[in-house]
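Structure below is query_4.txt: compact mmCIF, C-alpha atoms.
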```
# COMPACT_ATOMS: atom_id res chain seq x y z
CA MET F 1 -35.18 11.58 17.22
CA LEU F 2 -33.55 10.12 14.14
CA ASN F 3 -34.19 6.50 13.24
CA VAL F 4 -30.93 4.77 12.30
CA SER F 5 -30.95 1.31 10.77
CA ILE F 6 -27.57 -0.46 10.72
CA TYR F 7 -26.45 -3.70 9.08
CA ARG F 8 -25.23 -6.13 11.73
CA TYR F 9 -23.39 -9.37 11.22
CA ASN F 10 -21.04 -11.20 13.53
CA PRO F 11 -20.21 -14.54 11.86
CA GLU F 12 -19.24 -16.05 15.24
CA VAL F 13 -22.72 -15.44 16.66
CA ASP F 14 -25.21 -14.68 13.86
CA SER F 15 -26.38 -17.26 11.35
CA GLU F 16 -27.23 -14.47 8.94
CA PRO F 17 -27.00 -10.65 8.74
CA TYR F 18 -29.84 -8.47 10.05
CA MET F 19 -30.71 -4.77 10.31
CA GLN F 20 -30.72 -3.27 13.81
CA ASP F 21 -32.66 -0.09 14.59
CA PHE F 22 -31.28 2.65 16.84
CA GLU F 23 -32.67 6.00 17.96
CA PHE F 24 -30.33 8.99 17.79
CA ASP F 25 -30.90 12.46 19.16
CA THR F 26 -29.34 14.94 16.70
CA GLN F 27 -30.14 17.89 19.02
CA GLY F 28 -30.96 19.79 15.86
CA LYS F 29 -27.37 19.61 14.59
CA ASP F 30 -26.31 18.55 11.10
CA VAL F 31 -23.55 16.19 12.26
CA MET F 32 -21.64 13.72 10.11
CA VAL F 33 -22.70 10.08 9.77
CA LEU F 34 -19.47 9.03 11.51
CA ASP F 35 -20.44 11.12 14.56
CA VAL F 36 -23.69 9.17 14.73
CA LEU F 37 -21.83 5.85 14.55
CA GLU F 38 -19.34 6.92 17.24
CA LYS F 39 -22.18 7.87 19.61
CA LEU F 40 -24.05 4.62 18.88
CA LYS F 41 -20.87 2.63 19.53
CA ILE F 42 -20.76 4.06 23.05
CA GLU F 43 -24.32 2.76 23.50
CA ASP F 44 -23.52 -0.61 21.91
CA PRO F 45 -19.76 -1.40 21.95
CA THR F 46 -20.27 -4.50 19.78
CA LEU F 47 -20.93 -2.28 16.73
CA VAL F 48 -17.88 -2.53 14.44
CA PHE F 49 -16.72 -0.14 11.71
CA ARG F 50 -13.42 1.21 10.38
CA ARG F 51 -12.42 4.84 10.87
CA SER F 52 -9.22 6.76 11.30
CA CYS F 53 -8.64 10.37 10.25
CA ARG F 54 -12.34 11.41 10.39
CA GLU F 55 -11.77 14.07 7.73
CA GLY F 56 -11.98 12.32 4.34
CA VAL F 57 -8.26 11.70 3.92
CA CYS F 58 -7.59 8.10 4.99
CA GLY F 59 -10.51 6.44 3.20
CA SER F 60 -11.21 3.97 6.03
CA ASP F 61 -14.89 4.60 6.64
CA GLY F 62 -16.33 3.92 3.20
CA MET F 63 -19.84 2.51 3.62
CA ASN F 64 -23.21 2.43 1.94
CA ILE F 65 -25.17 5.35 3.40
CA SER F 66 -28.89 5.37 2.60
CA GLY F 67 -28.20 3.54 -0.66
CA LYS F 68 -25.18 5.53 -1.82
CA ASN F 69 -21.53 4.69 -1.15
CA GLY F 70 -19.61 7.41 0.65
CA LEU F 71 -17.30 8.26 3.51
CA ALA F 72 -19.19 8.46 6.81
CA CYS F 73 -16.85 11.19 8.10
CA VAL F 74 -17.64 13.70 5.34
CA THR F 75 -21.30 12.85 4.74
CA PRO F 76 -23.60 15.14 6.75
CA LEU F 77 -26.99 13.91 7.93
CA SER F 78 -28.67 16.55 5.74
CA GLU F 79 -27.40 14.59 2.71
CA ALA F 80 -27.72 11.11 4.17
CA VAL F 81 -31.16 11.02 5.81
CA LYS F 82 -33.87 9.88 3.41
CA LYS F 83 -37.55 9.99 4.48
CA GLY F 84 -36.52 10.64 8.08
CA LYS F 85 -34.35 7.52 8.24
CA LEU F 86 -30.63 6.79 8.05
CA VAL F 87 -29.77 3.34 6.66
CA ILE F 88 -26.15 2.21 6.92
CA ARG F 89 -24.79 -0.92 5.26
CA PRO F 90 -21.26 -2.12 4.42
CA LEU F 91 -19.89 -1.36 0.93
CA PRO F 92 -21.61 -3.81 -1.44
CA GLY F 93 -19.95 -6.56 -3.47
CA LEU F 94 -17.12 -7.58 -1.15
CA PRO F 95 -17.28 -10.15 1.69
CA VAL F 96 -18.35 -8.82 5.08
CA ILE F 97 -15.96 -9.56 7.95
CA ARG F 98 -18.20 -8.09 10.62
CA ASP F 99 -20.93 -5.39 10.68
CA LEU F 100 -19.66 -2.55 8.46
CA VAL F 101 -16.16 -3.97 7.96
CA ILE F 102 -15.51 -5.63 4.60
CA ASP F 103 -12.66 -7.77 3.33
CA MET F 104 -10.88 -5.57 0.77
CA SER F 105 -8.31 -8.19 -0.40
CA GLN F 106 -9.87 -8.42 -3.87
CA PHE F 107 -9.84 -4.65 -4.22
CA TYR F 108 -6.15 -4.44 -3.27
CA ALA F 109 -5.28 -7.40 -5.53
CA GLN F 110 -6.63 -5.41 -8.49
CA TYR F 111 -4.71 -2.34 -7.35
CA GLU F 112 -1.53 -4.40 -7.17
CA LYS F 113 -2.07 -5.67 -10.74
CA ILE F 114 -1.67 -2.22 -12.27
CA GLN F 115 1.80 -1.81 -10.69
CA PRO F 116 0.99 1.39 -8.77
CA TYR F 117 4.51 2.72 -8.67
CA MET F 118 6.85 4.61 -10.96
CA ILE F 119 8.78 2.43 -13.41
CA ASN F 120 11.80 4.14 -14.93
CA ASN F 121 14.93 2.15 -15.72
CA THR F 122 16.95 5.07 -17.06
CA PRO F 123 19.83 6.23 -14.81
CA ALA F 124 18.54 8.39 -11.99
CA PRO F 125 19.57 12.07 -12.22
CA ALA F 126 21.63 13.64 -9.44
CA ILE F 127 18.70 15.32 -7.70
CA GLU F 128 15.27 14.44 -9.08
CA ARG F 129 13.31 13.68 -12.28
CA LEU F 130 11.84 16.98 -13.37
CA GLN F 131 8.45 17.64 -14.92
CA SER F 132 7.12 20.73 -16.69
CA GLN F 133 4.07 22.39 -15.15
CA GLU F 134 1.97 21.02 -18.04
CA GLU F 135 3.21 17.47 -17.44
CA ARG F 136 2.48 17.77 -13.73
CA ALA F 137 -1.00 19.16 -14.42
CA LYS F 138 -1.92 15.89 -16.17
CA LEU F 139 -1.80 14.13 -12.79
CA ASP F 140 -4.45 16.40 -11.26
CA GLY F 141 -7.69 14.52 -10.71
CA LEU F 142 -5.75 11.23 -10.56
CA TYR F 143 -3.28 11.31 -7.67
CA GLU F 144 -5.95 12.41 -5.17
CA CYS F 145 -7.53 8.93 -4.98
CA ILE F 146 -7.50 7.63 -1.38
CA LEU F 147 -8.46 4.01 -2.22
CA CYS F 148 -11.62 4.09 -0.12
CA ALA F 149 -13.25 1.62 -2.58
CA CYS F 150 -16.52 3.57 -2.74
CA CYS F 151 -16.31 3.64 -6.56
CA SER F 152 -15.29 0.04 -7.25
CA THR F 153 -17.94 -1.34 -4.89
CA ALA F 154 -20.60 0.79 -6.61
CA CYS F 155 -19.72 -0.74 -9.98
CA PRO F 156 -21.81 -3.74 -11.19
CA SER F 157 -18.95 -4.85 -13.48
CA PHE F 158 -16.74 -5.09 -10.38
CA TRP F 159 -19.48 -6.92 -8.43
CA TRP F 160 -19.71 -9.65 -11.11
CA ASN F 161 -15.99 -9.94 -11.92
CA PRO F 162 -13.91 -8.60 -9.00
CA ASP F 163 -11.15 -11.07 -9.88
CA LYS F 164 -10.88 -10.00 -13.53
CA PHE F 165 -12.09 -6.40 -13.90
CA ILE F 166 -9.63 -3.96 -12.36
CA GLY F 167 -12.41 -1.60 -11.32
CA PRO F 168 -12.66 2.20 -11.44
CA SER F 169 -10.26 2.87 -8.59
CA GLY F 170 -7.48 0.65 -9.97
CA LEU F 171 -7.98 2.04 -13.47
CA LEU F 172 -7.82 5.63 -12.25
CA GLN F 173 -4.48 4.72 -10.67
CA ALA F 174 -3.40 2.89 -13.84
CA TYR F 175 -3.96 6.07 -15.82
CA ARG F 176 -2.18 8.10 -13.14
CA PHE F 177 1.04 6.21 -14.06
CA LEU F 178 0.29 6.07 -17.81
CA ALA F 179 -0.09 9.85 -17.77
CA ASP F 180 3.09 10.44 -15.79
CA SER F 181 5.89 11.82 -18.01
CA ARG F 182 8.51 10.24 -15.74
CA ASP F 183 7.20 6.69 -16.17
CA THR F 184 8.75 4.72 -19.05
CA ALA F 185 6.69 1.51 -18.90
CA THR F 186 3.70 2.84 -20.88
CA GLU F 187 3.86 0.10 -23.53
CA ALA F 188 4.09 -2.75 -21.03
CA ARG F 189 1.33 -1.23 -18.88
CA LEU F 190 -1.00 -0.94 -21.89
CA ALA F 191 -0.20 -4.49 -23.04
CA ASN F 192 -1.38 -5.77 -19.66
CA LEU F 193 -4.74 -4.01 -20.04
CA ASP F 194 -5.77 -5.08 -23.55
CA ASP F 195 -8.06 -7.98 -22.71
CA PRO F 196 -11.87 -8.11 -22.59
CA PHE F 197 -11.98 -7.80 -18.77
CA SER F 198 -9.32 -5.54 -17.23
CA VAL F 199 -10.48 -2.25 -18.77
CA PHE F 200 -13.21 -3.14 -21.23
CA ARG F 201 -15.67 -4.49 -18.65
CA CYS F 202 -16.39 -0.83 -17.97
CA HIS F 203 -19.64 -0.01 -19.76
CA GLY F 204 -19.53 3.64 -18.77
CA ILE F 205 -22.51 3.72 -16.40
CA MET F 206 -20.62 6.22 -14.24
CA ASN F 207 -21.71 5.01 -10.79
CA CYS F 208 -18.06 5.58 -9.82
CA VAL F 209 -18.25 9.27 -10.72
CA GLN F 210 -21.51 9.67 -8.84
CA VAL F 211 -20.17 8.28 -5.56
CA CYS F 212 -16.49 9.38 -5.45
CA PRO F 213 -16.12 11.36 -2.18
CA LYS F 214 -13.10 13.17 -3.64
CA GLY F 215 -15.02 14.32 -6.74
CA LEU F 216 -12.77 12.34 -9.12
CA ASN F 217 -13.79 10.95 -12.50
CA PRO F 218 -12.64 7.34 -13.07
CA THR F 219 -14.83 6.99 -16.20
CA LYS F 220 -12.88 9.81 -17.85
CA ALA F 221 -9.56 8.15 -16.91
CA ILE F 222 -10.82 4.84 -18.35
CA GLY F 223 -11.71 6.73 -21.56
CA HIS F 224 -8.13 8.04 -21.72
CA ILE F 225 -6.75 4.50 -21.30
CA ARG F 226 -9.00 3.35 -24.17
CA ASP F 227 -7.75 6.21 -26.32
CA MET F 228 -4.15 5.24 -25.59
CA LEU F 229 -4.90 1.60 -26.48
CA VAL F 230 -6.59 2.67 -29.73
CA ARG F 231 -3.64 4.89 -30.65
CA THR F 232 -1.04 2.18 -30.05
CA ALA F 233 -2.98 -0.79 -31.48
CA THR F 234 -4.49 0.59 -34.69
CA MET U 1 -3.99 -9.65 -18.57
CA VAL U 2 -6.97 -12.02 -18.54
CA THR U 3 -7.02 -14.54 -21.40
CA THR U 4 -10.25 -15.46 -23.19
CA VAL U 5 -10.99 -17.86 -26.04
CA THR U 6 -14.71 -17.39 -26.68
CA SER U 7 -14.87 -13.61 -27.03
CA LEU U 8 -15.24 -12.44 -30.63
CA GLY U 9 -11.94 -10.67 -31.19
CA ARG U 10 -9.99 -12.21 -28.26
CA SER U 11 -8.84 -8.70 -27.33
CA GLY U 12 -10.83 -6.16 -25.36
CA LEU U 13 -9.91 -3.36 -27.71
CA SER U 14 -10.92 -5.33 -30.79
CA ASP U 15 -14.32 -6.25 -29.28
CA TRP U 16 -14.85 -2.66 -28.18
CA LEU U 17 -14.07 -1.30 -31.64
CA ILE U 18 -16.26 -3.89 -33.41
CA ALA U 19 -19.17 -3.11 -31.05
CA ARG U 20 -18.89 0.62 -31.86
CA VAL U 21 -18.48 0.25 -35.64
CA SER U 22 -21.30 -2.32 -35.87
CA ALA U 23 -23.57 0.06 -33.94
CA TYR U 24 -22.92 2.77 -36.56
CA VAL U 25 -23.69 0.35 -39.41
CA MET U 26 -26.94 -0.77 -37.75
CA SER U 27 -27.95 2.86 -37.13
CA ALA U 28 -27.24 3.79 -40.76
CA TYR U 29 -29.32 0.83 -41.99
CA LEU U 30 -32.22 1.70 -39.68
CA ILE U 31 -32.18 5.34 -40.77
CA PHE U 32 -32.05 4.29 -44.44
CA ILE U 33 -34.94 1.80 -44.17
CA VAL U 34 -37.16 4.15 -42.14
CA GLY U 35 -36.32 7.01 -44.54
CA TYR U 36 -37.09 4.84 -47.56
CA LEU U 37 -40.43 3.73 -46.13
CA MET U 38 -41.40 7.31 -45.23
CA LEU U 39 -40.43 8.68 -48.64
CA THR U 40 -42.22 5.88 -50.46
CA PRO U 41 -45.81 6.09 -49.21
CA GLU U 42 -47.27 3.84 -51.92
CA LEU U 43 -44.80 1.03 -51.67
CA ASN U 44 -45.56 -2.08 -53.73
CA TYR U 45 -43.95 -5.50 -53.95
CA ALA U 46 -42.16 -4.74 -57.24
CA ASP U 47 -40.38 -1.67 -55.77
CA TRP U 48 -39.47 -3.50 -52.55
CA ALA U 49 -38.12 -6.53 -54.47
CA ALA U 50 -36.20 -4.28 -56.86
CA LEU U 51 -34.58 -2.44 -53.95
CA ASN U 52 -33.59 -5.59 -52.12
CA SER U 53 -32.32 -7.49 -55.15
CA SER U 54 -29.91 -4.73 -56.19
CA LEU U 55 -26.28 -5.56 -55.38
CA PRO U 56 -25.52 -2.41 -53.29
CA MET U 57 -28.61 -3.06 -51.14
CA ARG U 58 -27.69 -6.73 -50.74
CA MET U 59 -24.20 -5.70 -49.62
CA PHE U 60 -25.64 -3.11 -47.20
CA SER U 61 -28.08 -5.68 -45.78
CA LEU U 62 -25.32 -8.29 -45.45
CA LEU U 63 -23.03 -5.79 -43.73
CA THR U 64 -25.85 -4.99 -41.29
CA ILE U 65 -26.52 -8.67 -40.61
CA LEU U 66 -22.81 -9.25 -39.94
CA SER U 67 -22.87 -6.20 -37.65
CA ILE U 68 -25.87 -7.56 -35.75
CA ALA U 69 -24.14 -10.94 -35.42
CA ALA U 70 -20.89 -9.41 -34.15
CA HIS U 71 -22.72 -7.03 -31.81
CA ALA U 72 -24.86 -9.87 -30.43
CA TRP U 73 -21.80 -12.13 -29.99
CA ILE U 74 -19.95 -9.46 -27.99
CA GLY U 75 -23.04 -8.52 -25.96
CA MET U 76 -24.10 -12.07 -25.15
CA TRP U 77 -20.52 -13.00 -24.26
CA CYS U 78 -20.46 -10.10 -21.79
CA VAL U 79 -23.80 -11.12 -20.26
CA LEU U 80 -22.75 -14.77 -19.91
CA THR U 81 -19.37 -13.92 -18.37
CA ASP U 82 -21.13 -11.55 -15.95
CA TYR U 83 -23.86 -13.85 -14.68
CA VAL U 84 -23.00 -17.48 -15.49
CA THR U 85 -19.89 -17.65 -13.32
CA VAL U 86 -18.56 -19.95 -10.60
CA ARG U 87 -18.68 -16.97 -8.25
CA LEU U 88 -22.43 -16.51 -8.75
CA ILE U 89 -23.84 -19.99 -9.35
CA GLY U 90 -21.16 -22.46 -8.27
CA PRO U 91 -18.81 -24.98 -9.90
CA LYS U 92 -21.25 -26.09 -12.60
CA ALA U 93 -21.07 -22.59 -14.10
CA THR U 94 -18.02 -23.21 -16.30
CA ALA U 95 -19.59 -26.13 -18.22
CA LEU U 96 -22.90 -24.28 -18.42
CA ARG U 97 -21.22 -21.10 -19.70
CA ILE U 98 -19.29 -22.98 -22.41
CA ILE U 99 -22.52 -24.68 -23.56
CA PHE U 100 -24.37 -21.34 -23.65
CA GLN U 101 -21.47 -19.59 -25.41
CA LEU U 102 -21.06 -22.27 -28.08
CA GLY U 103 -24.85 -22.42 -28.51
CA MET U 104 -25.01 -18.65 -28.89
CA ILE U 105 -22.15 -18.70 -31.44
CA ALA U 106 -23.78 -21.54 -33.41
CA ILE U 107 -27.18 -19.81 -33.50
CA THR U 108 -25.56 -16.51 -34.57
CA LEU U 109 -23.65 -18.18 -37.41
CA LEU U 110 -26.74 -20.12 -38.54
CA TYR U 111 -28.76 -16.88 -38.66
CA VAL U 112 -26.03 -15.28 -40.80
CA ILE U 113 -26.06 -18.19 -43.27
CA TRP U 114 -29.86 -18.16 -43.35
CA ALA U 115 -29.85 -14.39 -43.95
CA ILE U 116 -27.39 -14.77 -46.87
CA ASP U 117 -29.68 -17.45 -48.33
CA ILE U 118 -32.68 -15.10 -48.05
CA LEU U 119 -30.82 -12.06 -49.48
CA TRP U 120 -29.49 -13.88 -52.50
CA GLY U 121 -32.72 -15.78 -53.01
CA ILE U 122 -34.83 -12.67 -53.71
```
Take the structure in this file and express it as structure tokens.
Amino acid sequence: MLNVSIYRYNPEVDSEPYMQDFEFDTQGKDVMVLDVLEKLKIEDPTLVFRRSCREGVCGSDGMNISGKNGLACVTPLSEAVKKGKLVIRPLPGLPVIRDLVIDMSQFYAQYEKIQPYMINNTPAPAIERLQSQEERAKLDGLYECILCACCSTACPSFWWNPDKFIGPSGLLQAYRFLADSRDTATEARLANLDDPFSVFRCHGIMNCVQVCPKGLNPTKAIGHIRDMLVRTAT
Amino acid sequence: MVTTVTSLGRSGLSDWLIARVSAYVMSAYLIFIVGYLMLTPELNYADWAALNSSLPMRMFSLLTILSIAAHAWIGMWCVLTDYVTVRLIGPKATALRIIFQLGMIAITLLYVIWAIDILWGI
């Protein structure tokens, strides 16, 4: 039997959060953490968590699994169980709504700040704006982000200043549009980032890279943004 | 864009660049001093005073002191804006942070003036 310890908090009932222990029979199978939660929810229907696609595409079930942020649906028990125990908490740094569900408003507010859409005021061509294969290749490793918030909520700079520091996820997306040959707002985008908080609160500790369930590298993207700022401002 | 008035260069890029350049200056000074001490096993007061009263060495020392001051200013500003915030310790944080920041800036500048007095007083 696997011992599972889960963070519980229902603000309507509980005065403070607590950890609840469950027993789970794995039947010798290396199932995903989400499978464990689904089974436990049948046992205790008051357990609350977000989930949708259950295959690492929607980014709904980001949570802190045995100390490391990740998606429950693509994290097998063989990776998650430490010293015979599975400990599940909500993503750290953002307010908890209930159990494993967090309020992601601050995360989305930062995403909104970087204007995550193509800006191009030149007349639209008849069919589409073309890119060379090389130009398109620059977006690899950037467009795959699913906004699960595992990276930003693993970042101490985001914990301390979630209202001012854009965070690894938002900055990865910022670079996705800075690197896009079809976007013409590069100068304005960079001007919005040149303050001591938005980009430069990143101290390169690379927690984001360590936890990203899609294997992306926000620290590298932040480095590219810095390079672009240095090139335009010096 | 987040505005700031107590950071050293007012811009993130400027602070970032100053922190990097000042780190190189401090490293060069440390390597030079350690190298000098290792290559001069029988160091006496006359040699040490002669080294430190030469103009190039005074300039190098002053540059290093300014680098330490700038590096400390940027670093302390980051620490204070991380931990002394309304979000972490409540509404009194803003006044407290301004007091700490101005105190830190005053102490840093006083150390620089004191260091200049020492360097040119040898």
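Take the candidates F:Val87, F:Leu142, F:Arg182, F:Arg176 and check each one against Ala124 of chain F using all atoms listed in the file; the shortest distance goes to F:Arg182.
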Next on the checklist: Contacts from chain U to chain F, 7 Å maximum, all atoms listed in the file: show me the residue list as an MDAnalysis selection string.
Outcome noted: chainID U and resid 1:3 11:13 82:83
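Going from atom CA of Leu77 of chain F to atom CA of Leu91 of chain F covers 18.2 Å.
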Item to check | Coordinates-based distance that separates atom CA of Leu2 of chain F from atom CA of Cys208 of chain F (Å, one decimal) | outcome: 28.9 Å
Item to check | Selection near segment 37-42 of chain F, 12 Å with only C-alpha atoms, sequence-local residues under 2 positions removed, as a ChimeraX atom specification | outcome: /F:2-7,20-26,31-35,44-52,54,61,63,65,72-73,77,86-89,99-100
Next on the checklist: Rounded to one decimal, what separation in Å do you get between atom CA of Lys214 of chain F and atom CA of Cys155 of chain F?
Outcome noted: 16.7 Å
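Minimum atom-to-atom distance to Phe177 of chain F, evaluated using only C-alpha atoms, belongs to F:Pro116 out of F:Pro116, F:Gly28, F:Pro17, F:Gly56.
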Checklist entry - Do you know which residues are at most 10 Å from Arg97 of chain U counting all atoms listed in the file, after dropping those on the same chain fewer than 4 positions away, and could you put them as a list in words? => result Trp77, Leu80, Thr81, Tyr83, Val84, Thr85, Val86, Lys92, Ala93, Gln101, Leu102 and Gly103 of chain U
May I have the selected residues written with C-alpha atoms, as a tab-separated table (two decimals), keeping the file's coordinate frame?
```tsv
chain	number	residue	atom	x	y	z
U	77	TRP	CA	-20.52	-13.00	-24.26
U	80	LEU	CA	-22.75	-14.77	-19.91
U	81	THR	CA	-19.37	-13.92	-18.37
U	83	TYR	CA	-23.86	-13.85	-14.68
U	84	VAL	CA	-23.00	-17.48	-15.49
U	85	THR	CA	-19.89	-17.65	-13.32
U	86	VAL	CA	-18.56	-19.95	-10.60
U	92	LYS	CA	-21.25	-26.09	-12.60
U	93	ALA	CA	-21.07	-22.59	-14.10
U	101	GLN	CA	-21.47	-19.59	-25.41
U	102	LEU	CA	-21.06	-22.27	-28.08
U	103	GLY	CA	-24.85	-22.42	-28.51
```
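Distance check against Ala149 of chain F using all atoms listed in the file: of F:Ile127, F:Phe107, F:Thr184, F:Tyr175, the minimum falls on F:Phe107.
For the point (-8.5, 3.2, -8.4), the residues with an atom at a distance of at most 8 Å are F:Tyr111, F:Cys145, F:Leu147, F:Ala149, F:Ser152, F:Gly167, F:Pro168, F:Ser169, F:Gly170, F:Leu171, F:Leu172, F:Gln173, F:Ala174, F:Pro218, counting only C-alpha atoms.
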Write the selection just made, keeping C-alpha atoms, as a compact mmCIF listing (two decimals), keeping the file's coordinate frame?
```
# COMPACT_ATOMS: atom_id res chain seq x y z
CA TYR F 111 -4.71 -2.34 -7.35
CA CYS F 145 -7.53 8.93 -4.98
CA LEU F 147 -8.46 4.01 -2.22
CA ALA F 149 -13.25 1.62 -2.58
CA SER F 152 -15.29 0.04 -7.25
CA GLY F 167 -12.41 -1.60 -11.32
CA PRO F 168 -12.66 2.20 -11.44
CA SER F 169 -10.26 2.87 -8.59
CA GLY F 170 -7.48 0.65 -9.97
CA LEU F 171 -7.98 2.04 -13.47
CA LEU F 172 -7.82 5.63 -12.25
CA GLN F 173 -4.48 4.72 -10.67
CA ALA F 174 -3.40 2.89 -13.84
CA PRO F 218 -12.64 7.34 -13.07
```
